[in-house]
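Here is the file input.txt (compact mmCIF, C-alpha atoms).
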```
# COMPACT_ATOMS: atom_id res chain seq x y z
CA MET A 1 -25.22 26.04 -45.77
CA ALA A 2 -22.96 24.36 -48.29
CA ASN A 3 -19.62 26.04 -48.77
CA ALA A 4 -18.51 26.31 -52.41
CA THR A 5 -14.80 26.29 -51.54
CA VAL A 6 -15.09 22.99 -49.74
CA ASN A 7 -15.47 19.78 -51.73
CA ASN A 8 -15.94 16.47 -49.97
CA GLY A 9 -17.84 15.05 -52.94
CA VAL A 10 -21.22 15.27 -51.24
CA ASN A 11 -23.96 17.18 -53.03
CA VAL A 12 -25.42 18.84 -49.96
CA ASP A 13 -27.51 21.26 -52.02
CA ALA A 14 -29.33 18.32 -53.60
CA LEU A 15 -29.90 16.77 -50.15
CA LEU A 16 -31.25 20.01 -48.75
CA ALA A 17 -33.54 20.37 -51.77
CA ALA A 18 -34.75 16.79 -51.24
CA ARG A 19 -35.46 17.58 -47.62
CA GLU A 20 -37.57 20.58 -48.63
CA ALA A 21 -39.41 18.55 -51.29
CA LEU A 22 -40.15 15.67 -48.88
CA LYS A 23 -41.55 18.02 -46.26
CA GLY A 24 -44.51 18.46 -48.60
CA ALA A 25 -44.68 14.81 -49.69
CA PRO A 26 -44.09 12.57 -46.65
CA ALA A 27 -45.30 9.41 -48.46
CA ALA A 28 -42.27 9.68 -50.77
CA ALA A 29 -40.00 9.44 -47.72
CA LYS A 30 -41.12 5.85 -47.06
CA PHE A 31 -38.34 3.54 -48.26
CA THR A 32 -38.13 -0.23 -48.47
CA TRP A 33 -34.66 -1.78 -48.75
CA ARG A 34 -34.40 -5.37 -49.93
CA ALA A 35 -32.04 -8.32 -49.98
CA ALA A 36 -32.34 -11.80 -51.48
CA CYS A 37 -30.28 -14.56 -49.88
CA LYS A 38 -29.57 -18.02 -51.24
CA TRP A 39 -28.01 -20.80 -49.22
CA GLN A 40 -25.02 -22.39 -50.96
CA ASN A 41 -23.66 -25.10 -48.66
CA GLY A 42 -22.77 -25.37 -45.01
CA THR A 43 -22.75 -21.88 -43.52
CA ASN A 44 -22.05 -20.24 -46.90
CA SER A 45 -24.73 -18.08 -48.53
CA THR A 46 -24.90 -15.43 -51.24
CA THR A 47 -26.98 -12.30 -50.75
CA LYS A 48 -27.89 -10.04 -53.65
CA ILE A 49 -29.01 -6.45 -53.52
CA GLN A 50 -30.36 -4.36 -56.35
CA GLY A 51 -33.92 -3.07 -56.15
CA PHE A 52 -35.48 -0.88 -53.52
CA HIS A 53 -38.52 1.34 -53.16
CA GLY A 54 -38.44 5.05 -52.42
CA LEU A 55 -39.59 8.48 -53.59
CA GLY A 56 -42.91 6.83 -54.41
CA GLN A 57 -41.60 4.31 -56.93
CA GLU A 58 -39.39 1.29 -57.58
CA GLN A 59 -35.69 2.11 -57.79
CA GLN A 60 -32.62 0.15 -58.91
CA HIS A 61 -28.98 0.35 -57.98
CA LYS A 62 -26.79 0.89 -61.05
CA THR A 63 -25.45 -2.63 -60.60
CA GLU A 64 -26.39 -5.67 -58.55
CA PHE A 65 -24.26 -6.09 -55.44
CA SER A 66 -23.50 -9.66 -54.34
CA PHE A 67 -22.09 -10.70 -50.97
CA GLU A 68 -20.70 -14.03 -49.84
CA ALA A 69 -21.04 -14.85 -46.18
CA ASP A 70 -19.64 -17.81 -44.29
CA HIS A 71 -18.08 -18.74 -40.97
CA PRO A 72 -14.32 -18.94 -40.33
CA GLU A 73 -12.32 -22.16 -40.43
CA ILE A 74 -12.06 -22.25 -36.62
CA PHE A 75 -15.80 -23.01 -36.67
CA ALA A 76 -15.14 -25.88 -39.10
CA SER A 77 -16.48 -23.80 -42.02
CA GLU A 78 -14.96 -22.90 -45.37
CA ASP A 79 -14.40 -19.17 -44.71
CA LEU A 80 -15.71 -18.25 -48.17
CA GLY A 81 -16.95 -14.83 -47.05
CA ALA A 82 -17.19 -12.45 -44.13
CA THR A 83 -19.02 -13.69 -41.05
CA PRO A 84 -22.62 -12.37 -40.82
CA ILE A 85 -21.87 -10.44 -37.63
CA GLU A 86 -18.97 -8.68 -39.42
CA TYR A 87 -21.42 -7.30 -42.01
CA VAL A 88 -23.04 -5.36 -39.17
CA LEU A 89 -19.70 -3.60 -38.62
CA VAL A 90 -19.43 -2.83 -42.36
CA GLY A 91 -22.84 -1.19 -42.23
CA LEU A 92 -22.06 0.83 -39.11
CA ALA A 93 -18.62 1.95 -40.33
CA SER A 94 -19.86 3.06 -43.73
CA CYS A 95 -22.98 4.76 -42.37
CA LEU A 96 -21.09 6.88 -39.84
CA THR A 97 -18.36 7.66 -42.39
CA ALA A 98 -20.83 8.83 -45.06
CA GLY A 99 -22.48 10.94 -42.38
CA VAL A 100 -19.18 12.57 -41.44
CA ALA A 101 -18.59 13.52 -45.09
CA ALA A 102 -22.11 14.92 -45.52
CA VAL A 103 -22.07 16.91 -42.28
CA ALA A 104 -18.56 18.25 -43.02
CA GLN A 105 -19.74 19.44 -46.44
CA ASN A 106 -22.76 21.12 -44.89
CA ARG A 107 -20.56 22.83 -42.28
CA GLY A 108 -17.92 23.95 -44.75
CA ILE A 109 -15.19 21.67 -43.37
CA GLN A 110 -12.75 20.20 -45.90
CA LEU A 111 -11.89 16.58 -45.09
CA ARG A 112 -8.52 15.17 -46.04
CA SER A 113 -8.91 11.67 -44.64
CA VAL A 114 -11.37 9.76 -42.51
CA GLU A 115 -10.60 6.35 -41.06
CA ALA A 116 -12.66 4.32 -38.64
CA LYS A 117 -11.62 1.21 -36.77
CA LEU A 118 -14.40 -0.89 -35.28
CA GLU A 119 -14.28 -3.61 -32.67
CA GLY A 120 -17.30 -5.61 -31.59
CA THR A 121 -17.01 -7.95 -28.63
CA MET A 122 -19.12 -11.06 -28.32
CA ASP A 123 -19.15 -14.05 -26.02
CA ILE A 124 -19.91 -17.09 -28.18
CA GLN A 125 -21.23 -18.98 -25.16
CA GLY A 126 -24.50 -17.32 -26.25
CA ILE A 127 -24.78 -18.66 -29.80
CA LEU A 128 -23.43 -22.06 -28.74
CA GLY A 129 -26.16 -22.35 -26.12
CA ILE A 130 -23.68 -22.88 -23.25
CA ASP A 131 -25.07 -20.13 -21.03
CA SER A 132 -28.56 -18.74 -21.57
CA ASP A 133 -27.63 -15.57 -19.66
CA VAL A 134 -25.12 -14.67 -22.36
CA ARG A 135 -26.60 -12.77 -25.29
CA ASN A 136 -26.05 -14.03 -28.85
CA GLY A 137 -24.87 -10.75 -30.35
CA TYR A 138 -22.37 -8.03 -29.56
CA ASP A 139 -22.24 -6.86 -25.97
CA ASP A 140 -20.24 -3.78 -26.99
CA ILE A 141 -19.05 -2.05 -30.15
CA LYS A 142 -16.28 0.53 -30.16
CA VAL A 143 -15.77 2.88 -33.11
CA THR A 144 -12.57 4.92 -33.25
CA PHE A 145 -12.36 7.69 -35.84
CA LYS A 146 -9.13 9.25 -37.05
CA ILE A 147 -9.96 12.33 -39.09
CA ASP A 148 -7.67 14.77 -40.85
CA ALA A 149 -9.60 17.94 -41.72
CA ASP A 150 -9.43 21.72 -41.80
CA ALA A 151 -11.08 22.01 -38.40
CA SER A 152 -10.39 21.99 -34.68
CA LYS A 153 -10.55 18.81 -32.62
CA LYS A 154 -13.77 20.15 -31.12
CA ASP A 155 -15.37 20.77 -34.53
CA ILE A 156 -14.30 17.32 -35.69
CA GLU A 157 -15.87 15.74 -32.61
CA ALA A 158 -19.06 17.67 -33.32
CA LEU A 159 -19.06 16.31 -36.90
CA VAL A 160 -18.90 12.76 -35.62
CA ALA A 161 -21.57 13.43 -33.00
CA GLN A 162 -23.93 14.81 -35.64
CA SER A 163 -23.26 11.83 -37.91
CA GLN A 164 -24.21 9.48 -35.03
CA LYS A 165 -27.35 11.49 -34.39
CA ARG A 166 -28.58 10.93 -37.96
CA SER A 167 -27.18 7.47 -38.68
CA ALA A 168 -29.68 4.80 -39.73
CA VAL A 169 -27.36 1.89 -38.87
CA TYR A 170 -26.32 3.37 -35.52
CA ASP A 171 -30.02 3.61 -34.65
CA VAL A 172 -30.70 0.00 -35.72
CA ILE A 173 -27.85 -1.31 -33.56
CA THR A 174 -28.41 0.82 -30.46
CA ASN A 175 -32.23 0.55 -30.41
CA PRO A 176 -34.59 -2.40 -30.89
CA VAL A 177 -36.06 -3.05 -34.34
CA ASN A 178 -39.10 -5.22 -34.90
CA VAL A 179 -38.14 -8.25 -37.04
CA ARG A 180 -40.76 -10.68 -38.32
CA VAL A 181 -39.61 -14.01 -39.69
CA GLU A 182 -42.00 -16.15 -41.74
CA VAL A 183 -41.79 -19.40 -43.67
CA VAL A 184 -43.82 -19.77 -46.86
CA MET B 1 -27.33 -35.60 -32.73
CA ALA B 2 -25.74 -35.31 -36.16
CA ASN B 3 -27.18 -37.71 -38.68
CA ALA B 4 -24.58 -39.37 -40.91
CA THR B 5 -27.01 -39.81 -43.81
CA VAL B 6 -27.75 -36.08 -43.95
CA ASN B 7 -25.21 -33.69 -45.40
CA ASN B 8 -25.85 -29.95 -45.39
CA GLY B 9 -22.11 -29.21 -45.33
CA VAL B 10 -22.09 -28.16 -41.68
CA ASN B 11 -19.68 -29.99 -39.39
CA VAL B 12 -21.99 -30.23 -36.42
CA ASP B 13 -19.74 -32.73 -34.61
CA ALA B 14 -16.94 -30.13 -34.59
CA LEU B 15 -19.35 -27.47 -33.27
CA LEU B 16 -20.63 -29.77 -30.52
CA ALA B 17 -17.01 -30.61 -29.59
CA ALA B 18 -16.20 -26.88 -29.49
CA ARG B 19 -19.17 -26.31 -27.21
CA GLU B 20 -17.92 -28.99 -24.82
CA ALA B 21 -14.37 -27.59 -24.88
CA LEU B 22 -15.55 -24.01 -24.25
CA LYS B 23 -17.67 -25.07 -21.28
CA GLY B 24 -14.39 -25.62 -19.44
CA ALA B 25 -12.63 -22.56 -20.90
CA PRO B 26 -15.07 -19.63 -20.99
CA ALA B 27 -12.31 -17.04 -21.64
CA ALA B 28 -11.73 -18.65 -25.06
CA ALA B 29 -15.38 -17.90 -25.94
CA LYS B 30 -14.70 -14.14 -25.88
CA PHE B 31 -14.48 -12.95 -29.47
CA THR B 32 -13.64 -9.55 -30.96
CA TRP B 33 -14.67 -8.93 -34.56
CA ARG B 34 -13.04 -6.01 -36.40
CA ALA B 35 -13.49 -3.77 -39.41
CA ALA B 36 -11.35 -0.96 -40.84
CA CYS B 37 -13.13 1.68 -42.90
CA LYS B 38 -11.57 4.31 -45.15
CA TRP B 39 -13.49 7.22 -46.62
CA GLN B 40 -13.02 7.52 -50.39
CA ASN B 41 -15.07 10.50 -51.56
CA GLY B 42 -18.60 11.74 -51.00
CA THR B 43 -20.61 8.98 -49.33
CA ASN B 44 -18.33 6.24 -50.71
CA SER B 45 -16.12 4.26 -48.33
CA THR B 46 -14.23 0.97 -48.35
CA THR B 47 -14.34 -1.35 -45.35
CA LYS B 48 -11.87 -4.20 -44.95
CA ILE B 49 -12.19 -7.26 -42.77
CA GLN B 50 -9.53 -9.81 -42.03
CA GLY B 51 -8.33 -10.25 -38.45
CA PHE B 52 -10.35 -11.11 -35.37
CA HIS B 53 -9.71 -12.44 -31.91
CA GLY B 54 -11.13 -15.66 -30.50
CA LEU B 55 -10.30 -18.97 -28.85
CA GLY B 56 -7.73 -17.05 -26.82
CA GLN B 57 -5.64 -15.78 -29.74
CA GLU B 58 -5.48 -13.64 -32.85
CA GLN B 59 -7.14 -15.21 -35.89
CA GLN B 60 -7.19 -14.37 -39.60
CA HIS B 61 -9.70 -14.99 -42.33
CA LYS B 62 -8.14 -16.93 -45.23
CA THR B 63 -8.45 -13.79 -47.34
CA GLU B 64 -9.18 -10.13 -46.73
CA PHE B 65 -12.77 -9.16 -47.51
CA SER B 66 -13.34 -5.67 -48.89
CA PHE B 67 -16.70 -3.88 -49.17
CA GLU B 68 -17.64 -0.72 -51.02
CA ALA B 69 -20.50 1.28 -49.58
CA ASP B 70 -22.18 4.34 -51.03
CA HIS B 71 -25.58 5.95 -51.40
CA PRO B 72 -27.81 5.58 -54.49
CA GLU B 73 -28.00 8.11 -57.30
CA ILE B 74 -31.39 9.37 -56.09
CA PHE B 75 -29.49 10.83 -53.11
CA ALA B 76 -27.11 12.57 -55.53
CA SER B 77 -24.40 9.97 -54.83
CA GLU B 78 -22.36 7.76 -57.13
CA ASP B 79 -23.95 4.41 -56.15
CA LEU B 80 -20.53 2.72 -56.04
CA GLY B 81 -21.61 0.16 -53.44
CA ALA B 82 -24.50 -1.06 -51.35
CA THR B 83 -26.09 1.45 -49.00
CA PRO B 84 -24.92 1.02 -45.37
CA ILE B 85 -28.40 0.10 -44.18
CA GLU B 86 -28.53 -2.67 -46.80
CA TYR B 87 -25.45 -4.29 -45.23
CA VAL B 88 -27.57 -4.85 -42.12
CA LEU B 89 -29.92 -6.98 -44.25
CA VAL B 90 -26.95 -8.93 -45.67
CA GLY B 91 -25.83 -9.73 -42.13
CA LEU B 92 -29.29 -10.76 -40.96
CA ALA B 93 -30.04 -12.87 -44.05
CA SER B 94 -26.74 -14.74 -43.92
CA CYS B 95 -26.85 -15.26 -40.14
CA LEU B 96 -30.33 -16.78 -40.15
CA THR B 97 -29.53 -18.88 -43.23
CA ALA B 98 -26.32 -20.31 -41.73
CA GLY B 99 -28.31 -21.08 -38.60
CA VAL B 100 -30.97 -22.94 -40.58
CA ALA B 101 -28.26 -25.11 -42.18
CA ALA B 102 -26.56 -25.84 -38.85
CA VAL B 103 -29.78 -26.66 -37.01
CA ALA B 104 -31.02 -28.83 -39.90
CA GLN B 105 -27.76 -30.79 -39.81
CA ASN B 106 -28.07 -31.26 -36.06
CA ARG B 107 -31.67 -32.43 -36.42
CA GLY B 108 -30.97 -34.79 -39.30
CA ILE B 109 -32.94 -32.79 -41.87
CA GLN B 110 -31.59 -32.73 -45.41
CA LEU B 111 -31.93 -29.30 -47.02
CA ARG B 112 -32.34 -28.98 -50.76
CA SER B 113 -32.69 -25.21 -51.01
CA VAL B 114 -33.04 -22.26 -48.68
CA GLU B 115 -33.95 -18.80 -49.88
CA ALA B 116 -34.70 -15.73 -47.83
CA LYS B 117 -36.18 -12.46 -49.00
CA LEU B 118 -35.76 -9.48 -46.69
CA GLU B 119 -37.53 -6.15 -46.66
CA GLY B 120 -36.69 -3.35 -44.27
CA THR B 121 -38.92 -0.30 -44.16
CA MET B 122 -37.60 3.11 -43.20
CA ASP B 123 -38.98 6.62 -43.23
CA ILE B 124 -36.16 8.90 -44.38
CA GLN B 125 -37.79 11.87 -42.69
CA GLY B 126 -35.69 10.68 -39.75
CA ILE B 127 -32.21 10.82 -41.30
CA LEU B 128 -33.07 14.02 -43.15
CA GLY B 129 -34.03 15.68 -39.88
CA ILE B 130 -37.54 16.59 -41.08
CA ASP B 131 -39.39 15.03 -38.14
CA SER B 132 -37.60 14.29 -34.89
CA ASP B 133 -40.33 11.77 -33.94
CA VAL B 134 -39.31 9.56 -36.88
CA ARG B 135 -36.46 7.16 -36.10
CA ASN B 136 -33.39 7.07 -38.34
CA GLY B 137 -33.29 3.33 -38.89
CA TYR B 138 -35.65 0.57 -39.89
CA ASP B 139 -39.06 0.60 -38.25
CA ASP B 140 -39.71 -2.97 -39.36
CA ILE B 141 -37.87 -5.82 -41.07
CA LYS B 142 -39.64 -8.78 -42.62
CA VAL B 143 -37.78 -11.99 -43.47
CA THR B 144 -39.54 -14.57 -45.64
CA PHE B 145 -37.95 -18.00 -45.92
CA LYS B 146 -38.69 -20.50 -48.67
CA ILE B 147 -37.15 -23.83 -47.75
CA ASP B 148 -37.18 -27.11 -49.62
CA ALA B 149 -36.18 -29.93 -47.26
CA ASP B 150 -36.94 -33.49 -46.23
CA ALA B 151 -39.18 -32.33 -43.41
CA SER B 152 -42.72 -31.27 -42.59
CA LYS B 153 -43.79 -27.63 -42.68
CA LYS B 154 -43.89 -27.74 -38.87
CA ASP B 155 -40.33 -29.08 -38.61
CA ILE B 156 -39.11 -26.46 -41.10
CA GLU B 157 -40.76 -23.71 -39.06
CA ALA B 158 -39.07 -25.09 -35.95
CA LEU B 159 -35.69 -24.96 -37.76
CA VAL B 160 -36.16 -21.30 -38.54
CA ALA B 161 -37.34 -20.54 -35.01
CA GLN B 162 -34.26 -22.21 -33.52
CA SER B 163 -32.00 -20.30 -35.94
CA GLN B 164 -33.58 -17.02 -34.77
CA LYS B 165 -33.11 -18.05 -31.15
CA ARG B 166 -29.34 -18.42 -31.64
CA SER B 167 -28.66 -15.72 -34.24
CA ALA B 168 -26.08 -13.10 -33.33
CA VAL B 169 -27.30 -10.60 -35.94
CA TYR B 170 -30.97 -11.11 -35.08
CA ASP B 171 -30.08 -10.29 -31.47
CA VAL B 172 -28.12 -7.16 -32.45
CA ILE B 173 -31.03 -5.83 -34.51
CA THR B 174 -33.88 -6.69 -32.15
CA ASN B 175 -32.12 -5.67 -28.91
CA PRO B 176 -30.05 -2.61 -27.99
CA VAL B 177 -26.25 -2.82 -28.25
CA ASN B 178 -23.94 -0.38 -26.53
CA VAL B 179 -21.93 1.54 -29.16
CA ARG B 180 -19.13 3.91 -28.15
CA VAL B 181 -17.80 6.34 -30.74
CA GLU B 182 -14.50 8.12 -30.15
CA VAL B 183 -12.28 10.47 -32.10
CA VAL B 184 -8.50 10.19 -31.68
```

Could you spell out this file's structure in structure tokens?
Amino acid sequence: MANATVNNGVNVDALLAAREALKGAPAAAKFTWRAACKWQNGTNSTTKIQGFHGLGQEQQHKTEFSFEADHPEIFASEDLGATPIEYVLVGLASCLTAGVAAVAQNRGIQLRSVEAKLEGTMDIQGILGIDSDVRNGYDDIKVTFKIDADASKKDIEALVAQSQKRSAVYDVITNPVNVRVEVV
Amino acid sequence: MANATVNNGVNVDALLAAREALKGAPAAAKFTWRAACKWQNGTNSTTKIQGFHGLGQEQQHKTEFSFEADHPEIFASEDLGATPIEYVLVGLASCLTAGVAAVAQNRGIQLRSVEAKLEGTMDIQGILGIDSDVRNGYDDIKVTFKIDADASKKDIEALVAQSQKRSAVYDVITNPVNVRVEVV
């Protein structure tokens, strides 16, 4: 139940209402998220995000979001944007953090500050093709939360655990997703 | 072999030299990528990226990259940034695209344009906790490349296949990664 004296800026009542509404209309729960990427030069590309599909119809973000990606100078690139693998950390950090705020609101816990530091380790012998036993991606990601809230350490740990349990990005990273790549 | 008459802006000679150098110094191939996330309000957070570790020492991007994330208005949020799950598509799109450019350079194929459209489907009955048999994240991601290059359809398809084979983000999404979450 949402607690009126607590305000983390999350409209939990609306989310609970949406949950009730979608129970009777499961087709509306099917979402499609989209991105459009354009190669610029070298390892630099620009990816734009605006439209998506959900609640049974086309939806639009209020504004178009645009992201530059590139590789760092130590890989002889221009470093014009974050490295693709760093975007995965942005997604994970923001997904778990939004979840902490939503769960805290639902549990009547006032948050004062939430910070997360992420570290993903990777052996680039994989992507460089030096050793085929080395995977291309992260072998391990560590997320460290520092949370100041009106709650015990135990309740704060439970908040984070619940956020993990319902995190879309955490699921995508820790479990396999089917990816189809086509050329037209 | 790099082809001097082809220029996709990727310094393949430097990458091949790095590969040779790292064969004799595998410890330098261990990278740590980092992100620091700060909750703002509601589902809105800001994630910053600048430092990382690799080639045996601390490294810095030329500039700090900062990313706003939020949820859309249809989830009763402010829509102040891309949705966390959309950042996963940004990472995948930019990783595969950079790979296409690098492989094309190595194979002597001049690219004129590379575009990728991504669609990730997700049933939000998972994150809303309506049906515990529904996963939280994407059930399927489709990437569609449109590439204009001095090469046959078959050679272009082979470019994309090789990019997939060496993509860090593709690996992270299609295979499980160990994620540890701690509260300090």

If you take all atoms listed in the file and a cut-off of 12 Å, which residues of stretch 62-130 of chain B touch stretch 132-149 of chain A, and what are their nearest atom pairs and distances in Å to one decimal, in chain and number order, as CSV?
```
residue,atom,partner,partner_atom,distance
B:Gly91,CA,A:Gly137,CA,11.9
B:Leu92,CA,A:Gly137,CA,11.5
B:Cys95,CA,A:Gly137,CA,11.0
```

>> I'd like the interatomic distance between atom CA of B:Thr63 and atom CA of B:Glu78, to a tenth of an Å.
In response: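 Taking atom CA of B:Thr63 and atom CA of B:Glu78, their separation equals 27.5 Å.
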
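Across B:Arg34, B:Arg112, B:Arg107, B:Lys117, the tightest approach to B:Val90 is made by B:Lys117 when counting only C-alpha atoms.
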
> Expressed in Å to a single decimal, how great is the separation between atom CA of B:Ser113 and atom CA of A:Val88?
Replying inline: 25.0 Å

>> Set the distance at 8 Å and use all atoms listed in the file: which residues neighbour B:Phe75 once local chain neighbours fewer than 2 positions away are removed? I'd like the list as a list in words.
In response: Ala14 and Leu15 of chain A; His71, Pro72, Glu73 and Ser77 of chain B

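Residue nearest A:Gly56, chosen from B:Ile74, B:Glu68, B:Thr97, B:Asp171 and counting all atoms listed in the file: B:Ile74.
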
> At a cut-off of 6 Å from (-30.9, -3.7, -31.5) in the coordinates of the file, what residues are picked up using all atoms listed in the file, written as a ChimeraX atom specification?
Replying inline: /A:172-177 /B:172-177

> What separation in Å, quoted to one decimal, exists between atom CA of A:Leu128 and atom CA of B:His61?
Replying inline: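 Rounded to one decimal, the two atoms are 20.6 Å apart.
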
Where atoms are missing, can you supply N, CA and C atoms for stretch 153-179 of chain B and output the lot as a PDB file, keeping the file's coordinate frame?
```
ATOM      1  N   LYS B 153     -43.702 -29.083 -42.847  1.00  0.00           N
ATOM      2  CA  LYS B 153     -43.790 -27.630 -42.680  1.00  0.00           C
ATOM      3  C   LYS B 153     -43.503 -27.244 -41.225  1.00  0.00           C
ATOM      4  N   LYS B 154     -44.065 -28.018 -40.302  1.00  0.00           N
ATOM      5  CA  LYS B 154     -43.890 -27.740 -38.870  1.00  0.00           C
ATOM      6  C   LYS B 154     -42.416 -27.851 -38.466  1.00  0.00           C
ATOM      7  N   ASP B 155     -41.740 -28.899 -38.962  1.00  0.00           N
ATOM      8  CA  ASP B 155     -40.330 -29.080 -38.610  1.00  0.00           C
ATOM      9  C   ASP B 155     -39.469 -27.983 -39.249  1.00  0.00           C
ATOM     10  N   ILE B 156     -39.860 -27.537 -40.439  1.00  0.00           N
ATOM     11  CA  ILE B 156     -39.110 -26.460 -41.100  1.00  0.00           C
ATOM     12  C   ILE B 156     -39.298 -25.156 -40.322  1.00  0.00           C
ATOM     13  N   GLU B 157     -40.518 -24.910 -39.870  1.00  0.00           N
ATOM     14  CA  GLU B 157     -40.760 -23.710 -39.060  1.00  0.00           C
ATOM     15  C   GLU B 157     -39.965 -23.755 -37.751  1.00  0.00           C
ATOM     16  N   ALA B 158     -39.831 -24.942 -37.200  1.00  0.00           N
ATOM     17  CA  ALA B 158     -39.070 -25.090 -35.950  1.00  0.00           C
ATOM     18  C   ALA B 158     -37.569 -24.842 -36.187  1.00  0.00           C
ATOM     19  N   LEU B 159     -37.086 -25.237 -37.362  1.00  0.00           N
ATOM     20  CA  LEU B 159     -35.690 -24.960 -37.760  1.00  0.00           C
ATOM     21  C   LEU B 159     -35.421 -23.463 -37.749  1.00  0.00           C
ATOM     22  N   VAL B 160     -36.324 -22.748 -38.409  1.00  0.00           N
ATOM     23  CA  VAL B 160     -36.160 -21.300 -38.540  1.00  0.00           C
ATOM     24  C   VAL B 160     -36.266 -20.633 -37.175  1.00  0.00           C
ATOM     25  N   ALA B 161     -37.182 -21.122 -36.354  1.00  0.00           N
ATOM     26  CA  ALA B 161     -37.340 -20.540 -35.010  1.00  0.00           C
ATOM     27  C   ALA B 161     -36.077 -20.753 -34.170  1.00  0.00           C
ATOM     28  N   GLN B 162     -35.476 -21.934 -34.295  1.00  0.00           N
ATOM     29  CA  GLN B 162     -34.260 -22.210 -33.520  1.00  0.00           C
ATOM     30  C   GLN B 162     -33.095 -21.358 -34.050  1.00  0.00           C
ATOM     31  N   SER B 163     -33.051 -21.153 -35.369  1.00  0.00           N
ATOM     32  CA  SER B 163     -32.000 -20.300 -35.940  1.00  0.00           C
ATOM     33  C   SER B 163     -32.108 -18.878 -35.394  1.00  0.00           C
ATOM     34  N   GLN B 164     -33.341 -18.353 -35.351  1.00  0.00           N
ATOM     35  CA  GLN B 164     -33.580 -17.020 -34.770  1.00  0.00           C
ATOM     36  C   GLN B 164     -33.102 -16.962 -33.327  1.00  0.00           C
ATOM     37  N   LYS B 165     -33.413 -18.021 -32.590  1.00  0.00           N
ATOM     38  CA  LYS B 165     -33.110 -18.050 -31.150  1.00  0.00           C
ATOM     39  C   LYS B 165     -31.605 -17.965 -30.883  1.00  0.00           C
ATOM     40  N   ARG B 166     -30.791 -18.396 -31.842  1.00  0.00           N
ATOM     41  CA  ARG B 166     -29.340 -18.420 -31.640  1.00  0.00           C
ATOM     42  C   ARG B 166     -28.591 -17.513 -32.611  1.00  0.00           C
ATOM     43  N   SER B 167     -29.307 -16.569 -33.227  1.00  0.00           N
ATOM     44  CA  SER B 167     -28.660 -15.720 -34.240  1.00  0.00           C
ATOM     45  C   SER B 167     -28.058 -14.475 -33.615  1.00  0.00           C
ATOM     46  N   ALA B 168     -26.777 -14.285 -33.853  1.00  0.00           N
ATOM     47  CA  ALA B 168     -26.080 -13.100 -33.330  1.00  0.00           C
ATOM     48  C   ALA B 168     -26.627 -11.818 -33.963  1.00  0.00           C
ATOM     49  N   VAL B 169     -26.848 -11.827 -35.269  1.00  0.00           N
ATOM     50  CA  VAL B 169     -27.300 -10.600 -35.940  1.00  0.00           C
ATOM     51  C   VAL B 169     -28.754 -10.287 -35.592  1.00  0.00           C
ATOM     52  N   TYR B 170     -29.577 -11.318 -35.500  1.00  0.00           N
ATOM     53  CA  TYR B 170     -30.970 -11.110 -35.080  1.00  0.00           C
ATOM     54  C   TYR B 170     -31.006 -10.433 -33.711  1.00  0.00           C
ATOM     55  N   ASP B 171     -30.153 -10.889 -32.813  1.00  0.00           N
ATOM     56  CA  ASP B 171     -30.080 -10.290 -31.470  1.00  0.00           C
ATOM     57  C   ASP B 171     -29.656  -8.822 -31.548  1.00  0.00           C
ATOM     58  N   VAL B 172     -28.629  -8.547 -32.352  1.00  0.00           N
ATOM     59  CA  VAL B 172     -28.120  -7.160 -32.450  1.00  0.00           C
ATOM     60  C   VAL B 172     -29.200  -6.209 -32.980  1.00  0.00           C
ATOM     61  N   ILE B 173     -30.012  -6.703 -33.908  1.00  0.00           N
ATOM     62  CA  ILE B 173     -31.030  -5.830 -34.510  1.00  0.00           C
ATOM     63  C   ILE B 173     -32.263  -5.686 -33.603  1.00  0.00           C
ATOM     64  N   THR B 174     -32.639  -6.755 -32.931  1.00  0.00           N
ATOM     65  CA  THR B 174     -33.880  -6.690 -32.150  1.00  0.00           C
ATOM     66  C   THR B 174     -33.667  -6.190 -30.716  1.00  0.00           C
ATOM     67  N   ASN B 175     -32.430  -6.158 -30.270  1.00  0.00           N
ATOM     68  CA  ASN B 175     -32.120  -5.670 -28.910  1.00  0.00           C
ATOM     69  C   ASN B 175     -31.064  -4.574 -28.976  1.00  0.00           C
ATOM     70  N   PRO B 176     -31.038  -3.698 -27.977  1.00  0.00           N
ATOM     71  CA  PRO B 176     -30.050  -2.610 -27.990  1.00  0.00           C
ATOM     72  C   PRO B 176     -28.626  -3.138 -27.757  1.00  0.00           C
ATOM     73  N   VAL B 177     -27.674  -2.553 -28.469  1.00  0.00           N
ATOM     74  CA  VAL B 177     -26.250  -2.820 -28.250  1.00  0.00           C
ATOM     75  C   VAL B 177     -25.590  -1.497 -27.867  1.00  0.00           C
ATOM     76  N   ASN B 178     -24.696  -1.555 -26.919  1.00  0.00           N
ATOM     77  CA  ASN B 178     -23.940  -0.380 -26.530  1.00  0.00           C
ATOM     78  C   ASN B 178     -22.874  -0.076 -27.584  1.00  0.00           C
ATOM     79  N   VAL B 179     -22.928   1.119 -28.165  1.00  0.00           N
ATOM     80  CA  VAL B 179     -21.930   1.540 -29.160  1.00  0.00           C
ATOM     81  C   VAL B 179     -21.232   2.792 -28.644  1.00  0.00           C
TER      82      VAL B 179
END
```
